[in-house]
Amino acid sequence: MNLTNLQVPPVPEPAAADEQTVIETRDLSIFYGNFLAVTDVNLKIPRNRITAIIGPSGCGKSTLLRAFNRMNELVPDTHIQGQVLFDGRDLYAPQVDPVEVRYRIGMVFQKANPFPKSIYENIAWGARIHGYRGKMDELVEFSLRQAALWDEVKDKLKQSGLSLSGGQQQRLCIARAIAVRPEVILMDEPASALDPIATLKIEELMQELKQNYTIIIVTHNMQQAARVSDYTAMMMLTGETRSGTVIEFDQTNRIFTRPQDRRTEDYVTGRFG
Amino acid sequence: MNRPAAPEFEFSGNLAARNRSGRIWHLVFQISTIIGILVLAALLVNILDSTFGYVAYEAGIDPESLAVDGISLEDQSRDQLAALLQERLSFGAYNKLNDEKPFSERSKADVYSLVIQRIVKYDVLESWALWESLTRRGEILAEVEALRAEHPVVDLVFVSWLTPDFMARPQSSEAVNTGVRTAILGSLWTILITILVAFPLGVGAAIYLEEYARDNWLNRLIQTNINNLAGVPSIIYGILGLALFVRAMSKLTSGELFGLADPTTATGRTLLSAGLTLALLVLPVIIINAQEAIRAVPQSLRKAGYGLGATQWQTIRDHVLPNALPGILTGTILAVSRAIGETAPLVVVGASTAISFDPASPFSRFTTLPIQIYQWTARPQAEWRHLAAAAILVLLVLLLSLNASAILLRNRFARKY
């Protein structure tokens, strides 16, 4: 008997019924050339919640995250099968412009990457390229306040974004993403290069931001997932092709206290590999 | 379970040897640098040696014989000097000078230099380099005495061949009257055309190849060809320029198309052809350097741009290019410096060997400093080699000042946050 046949991914638990879905994937598979990196993902990401994607290294967490705003298309030879629905519309439909997608679904990267320009300009640039007509000073202040960075930088807006500390740079990147008013913010291990204090600030910030935004965060750090997220998707390599898939998706407290899947339990309790 | 036995941790104490080899390499690198500096110094010394020194002049007419009423030539008034010109020159030659600028409007120094050029007509009999002039002064004086037997009016003067006059005068067939003004202007015009054509084309191609072009066989072929073109000898570009710009596009390069040249005499041997040829020559180098600079811009900046919903062009314009610009400019400076010194392609394209009027437009015939230097060094008389040395100094100064201003410009852009 072939054991791998038993590892057909189970259909993940649906999100709680009273949540409003903002992003939904239907049988989503992602290929790098011929390599099947992520397979058969079915998720419903709820609005104004923080959803964490956890799992071991190389299981396709970041690949899945990038599929939500079509950033994966920057890698040559990438294509997907299945659907990603954003507010019910297929993000990969031929008439959809990826530029529009990335504007509605912003992204914060693992390594803080402020532009080598002034703090002010870091925030203002995104708004300007989208044709923002309002008062730029107000937008900059609003965005920096939202990112809990205003008090630290209000006297040095003309200084370089690169002059800030690592944690401040990452919050600047969050402020920059907020400034173009996205609906969803994707965060790819935003605190992995930061010390615990800076990490805590980012986590507090995420709690603030979820009033207005939907946040999807990829993290290696299970404590972080447990602390900040409302929902958690557990990913793992499965099948003969060793492709990543979501093996369990549920409210975070259920994932960490009563996981349905044995592999999830092993992973969150530290018994895994 | 049996553990594998740990290997014996025995190391030969080789720290002294490692340090020694480090010191040796350090020394080798230092010596390479010193050799480079010595070679450059030798070059400069050689040029300076030829630029200064004693010259034995013979006047065609002894200036003292031109004294009037005991007043030497130098002390005569402008009108006296003008009268002298009128007396000694042919009617036509005098009128031609007067037509260029009436004598009543010329300064005394101007008229005096005309008298020296047209009537006194100094001729170089013998010339010596700086080192000889300093170390063999006695012998030189003896040689001059020997010369007096045949040439009664000989003057021995210590001169600098590089003078403000030398830079301000147009080219002439007489060593004492020649200058590099025509060549300096020709070089500046040529390089201006080269930059105007090669910089936008080169940067544009680099942006396309780095940011837009897909990785397919056609683009790889183009890339390989650009890399190879950078190594093609410059004379080949000259032949290309001759066929393409001088011959095939002569209507354009001669200015005939714009009604700026007489169709019966117009040729494509113009500044425009020269500039375009040099632009072709430096284009591959500019493209390759610009590509390197664009490639060096971190991918994270592009991602940041795209992640905010910027289009590719917005990202390139606002982030990739500003960050690549210092590198692009460095590559362009190096390429253009090479173009300024190019001789061979311009010989083929048809630089004029003797030309005495300033270039007035891209459709003028031209000469450039390297062409001038090449012409002068090829002449048998020693004085032309001194003049070539002086022209080399002018070329070096021109090159260094153009580079310096380009580097200042680059550093302004490079002032990063």
# chains A, B, ... in the order shown; residues from 1 in each chain; ligands from 1
$ interface_residues --of "chain A" --to "chain B" --cutoff "6 Å" --atoms "only C-alpha atoms" --output "list in words"
Val99, Arg102, Tyr103, Gly106, Met107, Pro116, Lys117 and Ser160 of chain A
$ write_last_selection --atoms "C-alpha atoms" --output "short mmCIF file (atom, residue, chain, number, x, y, z; two decimals), in the first residue's frame"
data_model
loop_
_atom_site.label_atom_id
_atom_site.label_comp_id
_atom_site.auth_asym_id
_atom_site.auth_seq_id
_atom_site.Cartn_x
_atom_site.Cartn_y
_atom_site.Cartn_z
CA VAL A 99 -0.47 46.97 -11.40
CA ARG A 102 -0.73 45.45 -6.33
CA TYR A 103 -2.21 48.84 -5.64
CA GLY A 106 -0.04 46.08 -0.77
CA MET A 107 3.07 44.27 0.37
CA PRO A 116 17.10 55.70 -0.77
CA LYS A 117 15.16 58.95 -0.49
CA SER A 160 17.04 59.53 4.51
#
$ select_by_dssp --residues "segment 138-273 of chain B" --states "alpha helix (DSSP H)" --output "PyMOL selection string"
chain B and resi 138-148+164-168+181-207+217-229+234-241+250-253+271-273
$ residues_around --residues "Val41 of chain A" --least-positions-apart "3" --cutoff "8 Å" --atoms "only C-alpha atoms" --output "NGL selection string"
:A and (25-29 or 38 or 245-246)
$ residues_around --residues "Tyr122 of chain B" --least-positions-apart "5" --cutoff "7 Å" --atoms "only C-alpha atoms" --output "PDB file with N, CA and C atoms, in the first residue's frame"
ATOM      1  N   TYR B  57      66.379  81.125 -34.173  1.00  0.00           N
ATOM      2  CA  TYR B  57      65.528  81.696 -35.219  1.00  0.00           C
ATOM      3  C   TYR B  57      66.385  82.431 -36.234  1.00  0.00           C
ATOM      4  N   GLU B  58      65.971  82.404 -37.463  1.00  0.00           N
ATOM      5  CA  GLU B  58      66.546  83.320 -38.440  1.00  0.00           C
ATOM      6  C   GLU B  58      65.412  84.171 -38.990  1.00  0.00           C
ATOM      7  N   ALA B  59      65.644  85.475 -39.035  1.00  0.00           N
ATOM      8  CA  ALA B  59      64.622  86.342 -39.596  1.00  0.00           C
ATOM      9  C   ALA B  59      64.829  86.442 -41.099  1.00  0.00           C
ATOM     10  N   GLY B  60      63.732  86.391 -41.855  1.00  0.00           N
ATOM     11  CA  GLY B  60      63.826  86.552 -43.303  1.00  0.00           C
ATOM     12  C   GLY B  60      64.379  87.937 -43.633  1.00  0.00           C
TER      13      GLY B  60
END
